[in-house]
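The structure appears right after this line, and notes come after that.
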Amino acid sequence: MTKPEWKEAPAWATWLAQDKDGWWAWWNIAPLVCERGECWNQGKPMENWKYLDIHVSEVVGDWKDNLEARP
């Protein structure tokens with residue numbers, strides 16, 4: 001699978017990021033690297049994001065560099 005396209009994003013999504021293990025997620029506010037250093041989170045209730053189960057792909061480069069704001 002490849003990186004999700006913004007045209008597929010839910011209306012509420014303002015950020016897209018891929019975790020260290022390859023999972024992509026849409027976010028409504030900018031996420032931060034989690035305490036374990038392996039994923040993204042917001043330090044808030046988890047209703048603010050949605051994993052995209054079909055969009056698992058190889059992580060290229062440093063996964064922390066893939067956080068992307070809605071264009």
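Labels used: A, B, ... for chains in the order of the structure tokens, numbers from 1 for residues in each chain, and numbers from 1 for ligands as shown.
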Strand (DSSP E or B) positions in chain A, given as a short mmCIF file (atom, residue, chain, number, x, y, z; two decimals) with N, CA and C atoms, in the first residue's frame:
data_model
loop_
_atom_site.label_atom_id
_atom_site.label_comp_id
_atom_site.auth_asym_id
_atom_site.auth_seq_id
_atom_site.Cartn_x
_atom_site.Cartn_y
_atom_site.Cartn_z
N TRP A 15 -4.35 16.65 9.65
CA TRP A 15 -3.00 16.10 9.66
C TRP A 15 -3.02 14.64 9.23
N LEU A 16 -1.90 14.21 8.65
CA LEU A 16 -1.69 12.82 8.26
C LEU A 16 -0.30 12.42 8.76
N ALA A 17 -0.20 11.23 9.34
CA ALA A 17 1.10 10.76 9.83
C ALA A 17 1.16 9.24 9.78
N GLN A 18 2.37 8.73 9.64
CA GLN A 18 2.62 7.29 9.64
C GLN A 18 3.47 6.94 10.86
N TRP A 23 1.71 2.12 10.08
CA TRP A 23 0.29 2.48 10.09
C TRP A 23 0.11 3.96 9.85
N TRP A 24 -0.82 4.30 8.95
CA TRP A 24 -1.18 5.69 8.69
C TRP A 24 -2.39 6.07 9.52
N ALA A 25 -2.49 7.34 9.89
CA ALA A 25 -3.67 7.83 10.62
C ALA A 25 -3.94 9.27 10.24
N TRP A 26 -5.24 9.61 10.21
CA TRP A 26 -5.68 10.99 10.05
C TRP A 26 -5.81 11.57 11.45
N TRP A 27 -5.54 12.84 11.60
CA TRP A 27 -5.64 13.52 12.90
C TRP A 27 -6.37 14.84 12.73
N LEU A 32 1.82 14.48 18.49
CA LEU A 32 3.19 14.51 18.97
C LEU A 32 3.72 13.08 19.03
N VAL A 33 5.02 12.92 19.05
CA VAL A 33 5.60 11.58 19.20
C VAL A 33 5.25 11.08 20.60
N TRP A 40 2.53 8.20 17.09
CA TRP A 40 2.01 9.55 17.28
C TRP A 40 0.85 9.49 18.26
N ASN A 41 0.68 10.55 19.06
CA ASN A 41 -0.54 10.71 19.86
C ASN A 41 -0.73 12.18 20.15
N TRP A 49 -8.58 11.05 16.38
CA TRP A 49 -7.81 10.48 15.29
C TRP A 49 -8.53 9.26 14.73
N LYS A 50 -8.05 8.77 13.60
CA LYS A 50 -8.60 7.56 13.01
C LYS A 50 -7.52 6.83 12.25
N TYR A 51 -7.24 5.58 12.66
CA TYR A 51 -6.30 4.75 11.91
C TYR A 51 -6.92 4.36 10.59
N LEU A 52 -6.08 4.24 9.58
CA LEU A 52 -6.52 3.81 8.26
C LEU A 52 -6.01 2.39 8.07
N ASP A 53 -6.79 1.41 8.47
CA ASP A 53 -6.36 0.02 8.48
C ASP A 53 -5.85 -0.47 7.13
N ILE A 54 -6.34 0.09 6.04
CA ILE A 54 -5.91 -0.41 4.74
C ILE A 54 -4.63 0.24 4.25
N HIS A 55 -4.16 1.24 4.95
CA HIS A 55 -2.97 1.96 4.50
C HIS A 55 -1.76 1.66 5.37
N VAL A 56 -1.29 0.44 5.30
CA VAL A 56 -0.05 0.06 5.97
C VAL A 56 1.00 -0.06 4.88
N GLU A 68 2.33 15.45 8.16
CA GLU A 68 1.98 16.34 7.07
C GLU A 68 0.66 17.06 7.36
N ALA A 69 0.66 18.38 7.21
CA ALA A 69 -0.55 19.17 7.37
C ALA A 69 -1.37 19.11 6.08
#
Separation of CA of Arg36 in chain A from CA of Asp21 in chain A, in Å and rounded to one decimal: 12.7 Å
Pairwise distance for CA of Gln42 in chain A and CA of Gly22 in chain A, rounded to one decimal in Å: 18.3 Å
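Closest to Lys3 in chain A among A:Ser57, A:Asp62, A:Glu35, A:Asn28 is A:Ser57, based on only C-alpha atoms.
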